[in-house]
$ cat structure38.cif   # mmCIF, C-alpha atoms
data_start
#
loop_
_atom_site.group_PDB
_atom_site.id
_atom_site.type_symbol
_atom_site.label_atom_id
_atom_site.label_comp_id
_atom_site.auth_asym_id
_atom_site.auth_seq_id
_atom_site.Cartn_x
_atom_site.Cartn_y
_atom_site.Cartn_z
ATOM 1 C CA MET A 1 49.671 -19.213 -66.523
ATOM 2 C CA ALA A 2 49.306 -18.278 -62.862
ATOM 3 C CA ARG A 3 50.636 -21.701 -61.851
ATOM 4 C CA ALA A 4 53.735 -21.233 -64.022
ATOM 5 C CA ALA A 5 54.321 -17.795 -62.492
ATOM 6 C CA ASP A 6 54.020 -19.298 -58.988
ATOM 7 C CA ARG A 7 56.507 -21.990 -59.881
ATOM 8 C CA ASP A 8 58.960 -19.440 -61.294
ATOM 9 C CA GLU A 9 58.643 -17.380 -58.133
ATOM 10 C CA ARG A 10 59.287 -20.425 -55.936
ATOM 11 C CA MET A 11 62.296 -21.427 -57.958
ATOM 12 C CA GLY A 12 63.531 -17.852 -57.716
ATOM 13 C CA ASP A 13 63.176 -18.135 -53.931
ATOM 14 C CA PHE A 14 65.138 -21.394 -54.018
ATOM 15 C CA HIS A 15 68.006 -19.842 -55.910
ATOM 16 C CA ASP A 16 68.123 -16.832 -53.570
ATOM 17 C CA LEU A 17 68.203 -19.167 -50.563
ATOM 18 C CA ALA A 18 70.831 -21.497 -52.035
ATOM 19 C CA ARG A 19 73.061 -18.688 -53.291
ATOM 20 C CA ASP A 20 72.907 -16.997 -49.902
ATOM 21 C CA GLN A 21 73.794 -20.225 -48.056
ATOM 22 C CA LEU A 22 76.611 -21.446 -50.345
ATOM 23 C CA PRO A 23 79.509 -20.206 -48.132
ATOM 24 C CA ARG A 24 77.940 -21.722 -45.012
ATOM 25 C CA LEU A 25 77.145 -25.039 -46.719
ATOM 26 C CA TYR A 26 80.688 -25.297 -48.049
ATOM 27 C CA SER A 27 82.140 -24.472 -44.632
ATOM 28 C CA ILE A 28 80.086 -27.196 -42.941
ATOM 29 C CA ALA A 29 80.826 -29.719 -45.699
ATOM 30 C CA ARG A 30 84.583 -29.124 -45.416
ATOM 31 C CA ARG A 31 84.403 -29.840 -41.711
ATOM 32 C CA LEU A 32 82.312 -32.974 -42.219
ATOM 33 C CA VAL A 33 84.076 -34.516 -45.215
ATOM 34 C CA GLY A 34 87.263 -32.522 -45.824
ATOM 35 C CA ASP A 35 88.321 -32.356 -49.474
ATOM 36 C CA ASP A 36 85.058 -33.914 -50.661
ATOM 37 C CA GLY A 37 83.146 -30.862 -49.403
ATOM 38 C CA GLU A 38 82.511 -29.366 -52.841
ATOM 39 C CA ASP A 39 81.059 -32.631 -54.214
ATOM 40 C CA ALA A 40 78.795 -32.897 -51.169
ATOM 41 C CA VAL A 41 77.470 -29.354 -51.712
ATOM 42 C CA GLN A 42 76.880 -30.053 -55.427
ATOM 43 C CA GLU A 43 74.830 -33.121 -54.519
ATOM 44 C CA CYS A 44 72.980 -31.167 -51.839
ATOM 45 C CA LEU A 45 72.002 -28.455 -54.350
ATOM 46 C CA LEU A 46 70.540 -31.031 -56.741
ATOM 47 C CA LYS A 47 68.553 -32.775 -54.013
ATOM 48 C CA ALA A 48 67.342 -29.493 -52.545
ATOM 49 C CA TYR A 49 66.254 -28.258 -55.975
ATOM 50 C CA ARG A 50 64.193 -31.403 -56.527
ATOM 51 C CA GLY A 51 62.658 -31.261 -53.061
ATOM 52 C CA TYR A 52 62.124 -27.528 -52.645
ATOM 53 C CA SER A 53 58.369 -27.756 -53.288
ATOM 54 C CA GLN A 54 58.091 -29.788 -50.043
ATOM 55 C CA LEU A 55 59.520 -26.968 -47.917
ATOM 56 C CA ARG A 56 56.516 -25.312 -46.266
ATOM 57 C CA ASP A 57 58.212 -22.723 -44.026
ATOM 58 C CA PRO A 58 60.666 -20.458 -45.911
ATOM 59 C CA ASP A 59 62.265 -19.407 -42.591
ATOM 60 C CA ALA A 60 63.318 -23.029 -42.083
ATOM 61 C CA GLY A 61 65.163 -22.947 -45.441
ATOM 62 C CA PRO A 62 68.742 -22.604 -44.123
ATOM 63 C CA ALA A 63 68.373 -25.445 -41.576
ATOM 64 C CA TRP A 64 66.595 -27.545 -44.238
ATOM 65 C CA LEU A 65 69.557 -27.130 -46.601
ATOM 66 C CA VAL A 66 72.008 -28.093 -43.834
ATOM 67 C CA SER A 67 69.920 -31.160 -43.096
ATOM 68 C CA ILE A 68 70.103 -32.259 -46.757
ATOM 69 C CA LEU A 69 73.831 -31.554 -46.828
ATOM 70 C CA VAL A 70 74.494 -33.619 -43.697
ATOM 71 C CA ASN A 71 72.660 -36.570 -45.177
ATOM 72 C CA CYS A 72 74.511 -36.223 -48.495
ATOM 73 C CA CYS A 73 77.781 -36.378 -46.556
ATOM 74 C CA ARG A 74 76.698 -39.472 -44.628
ATOM 75 C CA ASP A 75 74.966 -41.334 -47.470
ATOM 76 C CA SER A 76 77.957 -41.264 -49.749
ATOM 77 C CA GLY A 77 80.322 -42.534 -47.077
ATOM 78 C CA ARG A 78 82.378 -39.390 -47.544
ATOM 79 C CA ALA A 79 82.160 -38.709 -43.830
ATOM 80 C CA ARG A 80 84.267 -41.721 -42.879
ATOM 81 C CA ALA A 81 87.240 -40.932 -40.652
ATOM 82 C CA ARG A 82 90.434 -40.342 -42.633
ATOM 83 C CA SER A 83 92.368 -42.827 -40.523
ATOM 84 C CA PRO A 84 89.820 -44.895 -38.617
ATOM 85 C CA ARG A 85 91.268 -46.429 -35.487
ATOM 86 C CA PRO A 86 89.614 -48.952 -33.220
ATOM 87 C CA VAL A 87 88.130 -47.261 -30.165
ATOM 88 C CA ASP A 88 88.271 -48.762 -26.674
ATOM 89 C CA PHE A 89 85.295 -47.016 -25.088
ATOM 90 C CA GLU A 90 85.985 -48.366 -21.608
ATOM 91 C CA GLU A 91 89.447 -46.839 -21.685
ATOM 92 C CA LEU A 92 88.075 -43.716 -23.342
ATOM 93 C CA GLU A 93 85.611 -43.111 -20.499
ATOM 94 C CA GLN A 94 88.548 -42.855 -18.100
ATOM 95 C CA PHE A 95 90.451 -40.402 -20.296
ATOM 96 C CA SER A 96 90.643 -36.759 -19.255
ATOM 97 C CA LEU A 97 92.675 -34.348 -21.369
ATOM 98 C CA TYR A 98 92.885 -31.968 -18.408
ATOM 99 C CA ARG A 99 94.469 -34.641 -16.214
ATOM 100 C CA LYS A 100 96.664 -35.937 -19.049
ATOM 101 C CA ILE A 101 98.170 -32.486 -19.601
ATOM 102 C CA ALA A 102 98.692 -31.987 -15.857
ATOM 103 C CA TYR A 103 100.342 -35.417 -15.553
ATOM 104 C CA GLU A 104 102.550 -35.220 -18.660
ATOM 105 C CA ASP A 105 103.380 -31.544 -17.995
ATOM 106 C CA PRO A 106 104.545 -30.750 -21.560
ATOM 107 C CA PHE A 107 105.506 -27.162 -20.700
ATOM 108 C CA PRO A 108 107.240 -27.335 -17.306
ATOM 109 C CA TYR A 109 107.907 -23.595 -17.059
ATOM 110 C CA SER A 110 104.365 -22.547 -17.911
ATOM 111 C CA ASP A 111 102.018 -20.828 -15.484
ATOM 112 C CA SER A 112 99.081 -21.675 -17.717
ATOM 113 C CA LEU A 113 99.881 -25.201 -18.835
ATOM 114 C CA HIS A 114 96.441 -26.122 -20.155
ATOM 115 C CA LEU A 115 95.930 -22.904 -22.098
ATOM 116 C CA ASP A 116 99.421 -23.182 -23.582
ATOM 117 C CA PHE A 117 98.586 -26.676 -24.770
ATOM 118 C CA LEU A 118 95.452 -25.456 -26.566
ATOM 119 C CA ALA A 119 97.265 -22.421 -27.975
ATOM 120 C CA GLY A 120 99.327 -24.822 -30.108
ATOM 121 C CA PHE A 121 96.219 -25.708 -32.128
ATOM 122 C CA GLY A 122 95.249 -23.476 -35.022
ATOM 123 C CA PRO A 123 91.815 -23.782 -36.714
ATOM 124 C CA GLU A 124 93.265 -26.177 -39.307
ATOM 125 C CA ASP A 125 94.672 -28.432 -36.585
ATOM 126 C CA VAL A 126 91.270 -28.531 -34.877
ATOM 127 C CA ARG A 127 89.625 -29.541 -38.159
ATOM 128 C CA ALA A 128 92.312 -32.178 -38.774
ATOM 129 C CA VAL A 129 91.637 -33.663 -35.337
ATOM 130 C CA LEU A 130 87.906 -33.753 -36.046
ATOM 131 C CA MET A 131 88.537 -35.632 -39.298
ATOM 132 C CA ARG A 132 90.092 -38.452 -37.247
ATOM 133 C CA LEU A 133 86.815 -39.093 -35.433
ATOM 134 C CA PRO A 134 84.340 -41.667 -36.729
ATOM 135 C CA GLU A 135 81.497 -39.984 -38.612
ATOM 136 C CA LEU A 136 78.998 -41.101 -35.982
ATOM 137 C CA TYR A 137 80.600 -38.763 -33.442
ATOM 138 C CA ARG A 138 82.052 -36.085 -35.701
ATOM 139 C CA VAL A 139 78.742 -35.029 -37.253
ATOM 140 C CA PRO A 140 76.933 -34.075 -34.005
ATOM 141 C CA LEU A 141 80.102 -32.500 -32.590
ATOM 142 C CA VAL A 142 80.527 -30.236 -35.633
ATOM 143 C CA LEU A 143 76.869 -29.266 -35.811
ATOM 144 C CA VAL A 144 76.502 -28.471 -32.100
ATOM 145 C CA TYR A 145 79.862 -26.958 -31.137
ATOM 146 C CA MET A 146 80.827 -25.313 -34.408
ATOM 147 C CA ASP A 147 77.523 -24.397 -35.998
ATOM 148 C CA GLY A 148 75.440 -23.750 -32.913
ATOM 149 C CA PHE A 149 72.611 -26.214 -33.581
ATOM 150 C CA LEU A 150 70.773 -27.555 -30.539
ATOM 151 C CA ALA A 151 71.059 -31.269 -29.848
ATOM 152 C CA LYS A 152 67.324 -31.665 -30.520
ATOM 153 C CA GLU A 153 67.721 -29.981 -33.934
ATOM 154 C CA VAL A 154 70.570 -32.373 -34.761
ATOM 155 C CA ALA A 155 68.375 -35.282 -33.657
ATOM 156 C CA ARG A 156 65.745 -34.175 -36.192
ATOM 157 C CA MET A 157 68.357 -33.804 -38.951
ATOM 158 C CA LEU A 158 69.756 -37.272 -38.323
ATOM 159 C CA ASP A 159 66.346 -38.782 -37.665
ATOM 160 C CA ALA A 160 67.690 -40.157 -34.374
ATOM 161 C CA PRO A 161 66.319 -40.013 -30.808
ATOM 162 C CA LEU A 162 67.581 -37.093 -28.707
ATOM 163 C CA GLY A 163 69.115 -39.505 -26.167
ATOM 164 C CA THR A 164 71.171 -41.105 -28.935
ATOM 165 C CA VAL A 165 72.516 -37.745 -30.069
ATOM 166 C CA LEU A 166 73.373 -36.738 -26.478
ATOM 167 C CA ALA A 167 75.204 -40.044 -25.976
ATOM 168 C CA ARG A 168 77.135 -39.530 -29.239
ATOM 169 C CA LEU A 169 78.044 -36.004 -28.155
ATOM 170 C CA HIS A 170 79.360 -37.354 -24.860
ATOM 171 C CA ARG A 171 81.544 -39.973 -26.547
ATOM 172 C CA GLY A 172 82.459 -37.549 -29.319
ATOM 173 C CA ARG A 173 83.824 -35.037 -26.802
ATOM 174 C CA LYS A 174 85.891 -37.730 -25.110
ATOM 175 C CA LEU A 175 87.223 -38.909 -28.468
ATOM 176 C CA PHE A 176 87.997 -35.331 -29.474
ATOM 177 C CA GLU A 177 90.007 -34.806 -26.267
ATOM 178 C CA LYS A 178 91.904 -38.056 -26.776
ATOM 179 C CA GLN A 179 92.642 -37.260 -30.428
ATOM 180 C CA LEU A 180 93.798 -33.736 -29.505
ATOM 181 C CA TRP A 181 96.453 -35.278 -27.273
ATOM 182 C CA ASP A 182 97.499 -37.904 -29.859
ATOM 183 C CA TYR A 183 97.653 -35.253 -32.610
ATOM 184 C CA ALA A 184 99.741 -32.967 -30.396
ATOM 185 C CA GLU A 185 102.220 -35.759 -29.712
ATOM 186 C CA GLU A 186 102.420 -36.833 -33.363
ATOM 187 C CA ASN A 187 102.909 -33.262 -34.587
ATOM 188 C CA GLY A 188 105.387 -32.063 -32.022
ATOM 189 C CA LEU A 189 102.936 -29.738 -30.266
ATOM 190 C CA THR A 190 103.902 -31.192 -26.895
ATOM 191 C CA ARG A 191 107.625 -31.127 -27.553
ATOM 192 C CA GLU A 192 108.349 -27.723 -29.066
ATOM 193 C CA ALA A 193 107.932 -25.843 -25.831
ATOM 194 C CA ARG A 194 110.410 -28.151 -24.126
ATOM 195 C CA GLY A 195 113.227 -27.109 -26.460
ATOM 196 C CA MET B 1 78.027 -33.926 -2.411
ATOM 197 C CA ILE B 2 78.872 -35.657 -5.695
ATOM 198 C CA SER B 3 82.471 -36.800 -6.325
ATOM 199 C CA CYS B 4 84.972 -35.010 -8.562
ATOM 200 C CA HIS B 5 84.595 -37.825 -11.103
ATOM 201 C CA GLU B 6 80.813 -37.393 -11.200
ATOM 202 C CA ALA B 7 81.081 -33.611 -11.469
ATOM 203 C CA VAL B 8 83.709 -33.670 -14.221
ATOM 204 C CA ASP B 9 81.761 -36.283 -16.149
ATOM 205 C CA GLN B 10 78.872 -33.814 -16.454
ATOM 206 C CA LEU B 11 80.809 -30.606 -17.111
ATOM 207 C CA TRP B 12 80.088 -30.356 -20.833
ATOM 208 C CA GLU B 13 76.435 -31.258 -20.346
ATOM 209 C CA TYR B 14 76.345 -28.617 -17.602
ATOM 210 C CA LEU B 15 77.808 -26.023 -19.983
ATOM 211 C CA ASP B 16 75.402 -27.191 -22.726
ATOM 212 C CA ASN B 17 72.410 -26.787 -20.400
ATOM 213 C CA THR B 18 71.412 -30.372 -21.091
ATOM 214 C CA VAL B 19 71.477 -31.588 -17.472
ATOM 215 C CA ASP B 20 68.257 -31.513 -15.479
ATOM 216 C CA GLU B 21 67.783 -29.086 -12.586
ATOM 217 C CA VAL B 22 68.645 -31.615 -9.895
ATOM 218 C CA ASP B 23 71.956 -32.591 -11.524
ATOM 219 C CA ARG B 24 72.695 -28.956 -12.308
ATOM 220 C CA ALA B 25 72.354 -28.066 -8.622
ATOM 221 C CA LYS B 26 74.636 -30.978 -7.677
ATOM 222 C CA VAL B 27 77.335 -29.847 -10.116
ATOM 223 C CA GLU B 28 77.082 -26.255 -8.868
ATOM 224 C CA GLU B 29 77.310 -27.373 -5.247
ATOM 225 C CA HIS B 30 80.461 -29.329 -6.115
ATOM 226 C CA LEU B 31 82.030 -26.474 -8.082
ATOM 227 C CA ALA B 32 81.389 -24.076 -5.204
ATOM 228 C CA ARG B 33 83.684 -26.205 -3.020
ATOM 229 C CA CYS B 34 86.236 -27.666 -5.433
ATOM 230 C CA ARG B 35 88.869 -25.429 -7.027
ATOM 231 C CA ARG B 36 90.336 -28.247 -9.104
ATOM 232 C CA CYS B 37 87.008 -28.970 -10.778
ATOM 233 C CA CYS B 38 86.496 -25.224 -11.358
ATOM 234 C CA ALA B 39 89.831 -25.198 -13.198
ATOM 235 C CA GLU B 40 88.695 -28.227 -15.201
ATOM 236 C CA MET B 41 85.478 -26.407 -16.100
ATOM 237 C CA GLU B 42 87.452 -23.388 -17.316
ATOM 238 C CA PHE B 43 89.485 -25.766 -19.468
ATOM 239 C CA ALA B 44 86.280 -27.274 -20.877
ATOM 240 C CA GLN B 45 85.152 -23.748 -21.808
ATOM 241 C CA GLU B 46 88.469 -23.139 -23.590
ATOM 242 C CA LEU B 47 88.126 -26.435 -25.425
ATOM 243 C CA ARG B 48 84.681 -25.393 -26.647
ATOM 244 C CA ARG B 49 86.160 -22.086 -27.793
ATOM 245 C CA ALA B 50 88.919 -23.933 -29.685
ATOM 246 C CA LEU B 51 86.277 -26.043 -31.415
ATOM 247 C CA ALA B 52 84.194 -22.990 -32.343
ATOM 248 C CA ASN B 53 87.309 -21.209 -33.660
ATOM 249 C CA GLY B 54 87.849 -24.061 -36.100
ATOM 250 C CA ALA B 55 84.444 -23.440 -37.669
ATOM 251 C CA GLU B 56 85.172 -20.770 -40.242
ATOM 252 C CA VAL B 57 86.261 -22.143 -43.600
ATOM 253 C CA ASP B 58 86.429 -19.600 -46.412
ATOM 254 C CA ILE B 59 85.033 -20.695 -49.726
ATOM 255 C CA PRO B 60 87.634 -20.351 -52.504
ATOM 256 C CA ARG B 61 86.548 -18.161 -55.413
ATOM 257 C CA ASP B 62 86.825 -20.985 -57.986
ATOM 258 C CA VAL B 63 84.675 -23.308 -55.833
ATOM 259 C CA LEU B 64 82.073 -20.576 -55.369
ATOM 260 C CA ASN B 65 82.008 -20.009 -59.130
ATOM 261 C CA ARG B 66 81.464 -23.704 -59.826
ATOM 262 C CA LEU B 67 78.659 -23.987 -57.280
ATOM 263 C CA GLN B 68 76.967 -20.868 -58.650
ATOM 264 C CA GLN B 69 77.310 -22.349 -62.125
ATOM 265 C CA THR B 70 75.450 -25.465 -60.891
ATOM 266 C CA LEU B 71 72.671 -23.260 -59.585
ATOM 267 C CA GLU B 72 72.426 -21.416 -62.887
ATOM 268 C CA GLU B 73 72.230 -24.708 -64.784
ATOM 269 C CA LEU B 74 69.392 -25.817 -62.522
ATOM 270 C CA GLU B 75 67.568 -22.603 -63.373
ATOM 271 C CA GLN B 76 67.616 -23.353 -67.120
#

$ encode --input "structure38.cif" --output "structure tokens"
Amino acid sequence: MARAADRDERMGDFHDLARDQLPRLYSIARRLVGDDGEDAVQECLLKAYRGYSQLRDPDAGPAWLVSILVNCCRDSGRARARSPRPVDFEELEQFSLYRKIAYEDPFPYSDSLHLDFLAGFGPEDVRAVLMRLPELYRVPLVLVYMDGFLAKEVARMLDAPLGTVLARLHRGRKLFEKQLWDYAEENGLTREARG
Amino acid sequence: MISCHEAVDQLWEYLDNTVDEVDRAKVEEHLARCRRCCAEMEFAQELRRALANGAEVDIPRDVLNRLQQTLEELEQ
């Protein structure tokens, strides 16, 4: 009897936690896998429900749910880049968005060239650029720079060494800068101000 | 003093507080003397802001309803 009451209480705790975290989980999933975000959250809820008895520290509940969600996104292959392009890392290491903007000078009459370039990107553009990155780099970038997780927390979530996550963040930032420029060119964000 | 290339290469790690104290001091020494790299650091801060601003995705009402429905089904 007492055991059944304990179980009901724990499951009640699970539902409170999950219900409370639904908007955040969906927001993260959309940024990791785009339109497949809802499916990823559904799968996360099922896995979390089955594994909730293993969660020892209730305060760790939100991060635990995110960790399950991230792995659901990766396991299913949903996190693949929308348009994967081969990456030349040697060339990428030399790329600097700051220098590219200064060199190309898309807004010749601007006093704040670099800020004007960034001002062309709305939140949806930023998310579209992220979706172009390979999953390997997008996941740590989203979790650290959008959701405020520390690199060591991301390393635990991904079950990867901290050095690996830091290296992926480094390459991910470079890729993000490069894709920002490519996206701006493809979508007229570097041309409009010239007209 | 480290070169501009070395300083710029560590700017994000510097802003993330993931460089060690020795490298941090080297970056700061460089920034104290190099206006161009200071401007590049300000740009890196703006880039981080742009990334953070892309974070908020509202959950549509119908999606929220479906996810809550899943939770209710798990409860039964």

$ residues_around --input "structure38.cif" --residues "Ala128 in chain A" --least-positions-apart "5" --cutoff "12 Å" --atoms "all atoms listed in the file" --output "ChimeraX atom specification"
/A:30-35,81-83,121-123,133,138,176,179-180,182-184,187 /B:51,54-55

$ closest_atom_pairs --input "structure38.cif" --of "chain B" --to "chain A" --cutoff "8 Å" --atoms "all atoms listed in the file" --output "Markdown table"
| residue | atom | partner | partner_atom | distance |
| --- | --- | --- | --- | --- |
| B:Glu40 | CA | A:Tyr98 | CA | 6.5 |
| B:Phe43 | CA | A:His114 | CA | 7.0 |
| B:Glu46 | CA | A:Leu115 | CA | 7.6 |
| B:Leu47 | CA | A:Leu118 | CA | 7.5 |
| B:Arg48 | CA | A:Tyr145 | CA | 6.8 |
| B:Ala50 | CA | A:Val126 | CA | 7.3 |
| B:Leu51 | CA | A:Met146 | CA | 6.3 |
| B:Ala52 | CA | A:Met146 | CA | 4.6 |
| B:Asn53 | CA | A:Pro123 | CA | 6.0 |
| B:Gly54 | CA | A:Pro123 | CA | 4.0 |
| B:Ala55 | CA | A:Met146 | CA | 5.2 |
| B:Glu56 | CA | A:Ser27 | CA | 6.5 |
| B:Val57 | CA | A:Ser27 | CA | 4.8 |
| B:Asp58 | CA | A:Ser27 | CA | 6.7 |
| B:Ile59 | CA | A:Pro23 | CA | 5.8 |
| B:Val63 | CA | A:Glu38 | CA | 7.1 |
| B:Leu64 | CA | A:Leu22 | CA | 7.5 |
| B:Leu67 | CA | A:Gln42 | CA | 6.6 |
| B:Gln68 | CA | A:Arg19 | CA | 7.0 |
| B:Thr70 | CA | A:Gln42 | CA | 7.3 |
| B:Leu71 | CA | A:His15 | CA | 6.9 |
| B:Leu74 | CA | A:Tyr49 | CA | 7.7 |
| B:Glu75 | CA | A:Met11 | CA | 7.6 |

$ resolve_selection --input "structure38.cif" --expression "the PyMOL selection byres ((chain B and resi 9) around 10)" --output "PyMOL selection string"
(chain A and resi 93-94+96+170+174) or (chain B and resi 3-8+10-14+27)

$ atom_distance --input "structure38.cif" --atom1 "CA of Ile68 in chain A" --atom2 "CA of Lys47 in chain A"
7.4 Å

$ atom_distance --input "structure38.cif" --atom1 "CA of Arg168 in chain A" --atom2 "CA of Asn71 in chain A"
16.8 Å

$ atom_distance --input "structure38.cif" --atom1 "CA of Lys100 in chain A" --atom2 "CA of Asp16 in chain B"
23.3 Å

$ build_atoms --input "structure38.cif" --residues "range 1-27 of chain A" --atoms "N, CA and C atoms" --output "mmCIF file, in the coordinates of the input"
data_model
loop_
_atom_site.group_PDB
_atom_site.id
_atom_site.type_symbol
_atom_site.label_atom_id
_atom_site.label_comp_id
_atom_site.auth_asym_id
_atom_site.auth_seq_id
_atom_site.Cartn_x
_atom_site.Cartn_y
_atom_site.Cartn_z
ATOM 1 N N MET A 1 48.825 -20.412 -66.476
ATOM 2 C CA MET A 1 49.671 -19.213 -66.523
ATOM 3 C C MET A 1 50.091 -18.804 -65.113
ATOM 4 N N ALA A 2 49.041 -18.681 -64.246
ATOM 5 C CA ALA A 2 49.306 -18.278 -62.862
ATOM 6 C C ALA A 2 50.151 -19.334 -62.166
ATOM 7 N N ARG A 3 49.878 -20.617 -62.478
ATOM 8 C CA ARG A 3 50.636 -21.701 -61.851
ATOM 9 C C ARG A 3 52.111 -21.626 -62.264
ATOM 10 N N ALA A 4 52.350 -21.341 -63.541
ATOM 11 C CA ALA A 4 53.735 -21.233 -64.022
ATOM 12 C C ALA A 4 54.446 -20.070 -63.350
ATOM 13 N N ALA A 5 53.716 -18.965 -63.154
ATOM 14 C CA ALA A 5 54.321 -17.795 -62.492
ATOM 15 C C ALA A 5 54.660 -18.126 -61.048
ATOM 16 N N ASP A 6 53.761 -18.876 -60.376
ATOM 17 C CA ASP A 6 54.020 -19.298 -58.988
ATOM 18 C C ASP A 6 55.273 -20.151 -58.909
ATOM 19 N N ARG A 7 55.365 -21.081 -59.892
ATOM 20 C CA ARG A 7 56.507 -21.990 -59.881
ATOM 21 C C ARG A 7 57.808 -21.211 -60.099
ATOM 22 N N ASP A 8 57.753 -20.256 -61.039
ATOM 23 C CA ASP A 8 58.960 -19.440 -61.294
ATOM 24 C C ASP A 8 59.361 -18.674 -60.045
ATOM 25 N N GLU A 9 58.348 -18.160 -59.337
ATOM 26 C CA GLU A 9 58.643 -17.380 -58.133
ATOM 27 C C GLU A 9 59.290 -18.268 -57.078
ATOM 28 N N ARG A 10 58.729 -19.488 -56.939
ATOM 29 C CA ARG A 10 59.287 -20.425 -55.936
ATOM 30 C C ARG A 10 60.716 -20.819 -56.284
ATOM 31 N N MET A 11 60.931 -21.051 -57.559
ATOM 32 C CA MET A 11 62.296 -21.427 -57.958
ATOM 33 C C MET A 11 63.249 -20.252 -57.776
ATOM 34 N N GLY A 12 62.714 -19.048 -57.980
ATOM 35 C CA GLY A 12 63.531 -17.852 -57.716
ATOM 36 C C GLY A 12 63.897 -17.789 -56.239
ATOM 37 N N ASP A 13 62.920 -18.110 -55.385
ATOM 38 C CA ASP A 13 63.176 -18.135 -53.931
ATOM 39 C C ASP A 13 64.248 -19.170 -53.611
ATOM 40 N N PHE A 14 64.149 -20.338 -54.278
ATOM 41 C CA PHE A 14 65.138 -21.394 -54.018
ATOM 42 C C PHE A 14 66.544 -20.913 -54.360
ATOM 43 N N HIS A 15 66.672 -20.288 -55.502
ATOM 44 C CA HIS A 15 68.006 -19.842 -55.910
ATOM 45 C C HIS A 15 68.542 -18.769 -54.977
ATOM 46 N N ASP A 16 67.665 -17.862 -54.523
ATOM 47 C CA ASP A 16 68.123 -16.832 -53.570
ATOM 48 C C ASP A 16 68.625 -17.491 -52.294
ATOM 49 N N LEU A 17 67.832 -18.455 -51.795
ATOM 50 C CA LEU A 17 68.203 -19.167 -50.563
ATOM 51 C C LEU A 17 69.530 -19.894 -50.751
ATOM 52 N N ALA A 18 69.635 -20.675 -51.821
ATOM 53 C CA ALA A 18 70.831 -21.497 -52.035
ATOM 54 C C ALA A 18 72.068 -20.628 -52.222
ATOM 55 N N ARG A 19 71.908 -19.568 -53.028
ATOM 56 C CA ARG A 19 73.061 -18.688 -53.291
ATOM 57 C C ARG A 19 73.545 -18.069 -51.983
ATOM 58 N N ASP A 20 72.587 -17.630 -51.179
ATOM 59 C CA ASP A 20 72.907 -16.997 -49.902
ATOM 60 C C ASP A 20 73.637 -17.962 -48.950
ATOM 61 N N GLN A 21 73.274 -19.235 -49.013
ATOM 62 C CA GLN A 21 73.794 -20.225 -48.056
ATOM 63 C C GLN A 21 75.050 -20.952 -48.549
ATOM 64 N N LEU A 22 75.474 -20.692 -49.796
ATOM 65 C CA LEU A 22 76.611 -21.446 -50.345
ATOM 66 C C LEU A 22 77.859 -21.408 -49.456
ATOM 67 N N PRO A 23 78.295 -20.216 -48.975
ATOM 68 C CA PRO A 23 79.509 -20.206 -48.132
ATOM 69 C C PRO A 23 79.339 -21.041 -46.863
ATOM 70 N N ARG A 24 78.165 -20.961 -46.245
ATOM 71 C CA ARG A 24 77.940 -21.722 -45.012
ATOM 72 C C ARG A 24 77.921 -23.224 -45.305
ATOM 73 N N LEU A 25 77.225 -23.613 -46.373
ATOM 74 C CA LEU A 25 77.145 -25.039 -46.719
ATOM 75 C C LEU A 25 78.545 -25.601 -47.002
ATOM 76 N N TYR A 26 79.337 -24.826 -47.730
ATOM 77 C CA TYR A 26 80.688 -25.297 -48.049
ATOM 78 C C TYR A 26 81.529 -25.432 -46.776
ATOM 79 N N SER A 27 81.381 -24.450 -45.889
ATOM 80 C CA SER A 27 82.140 -24.472 -44.632
ATOM 81 C C SER A 27 81.788 -25.714 -43.811
#
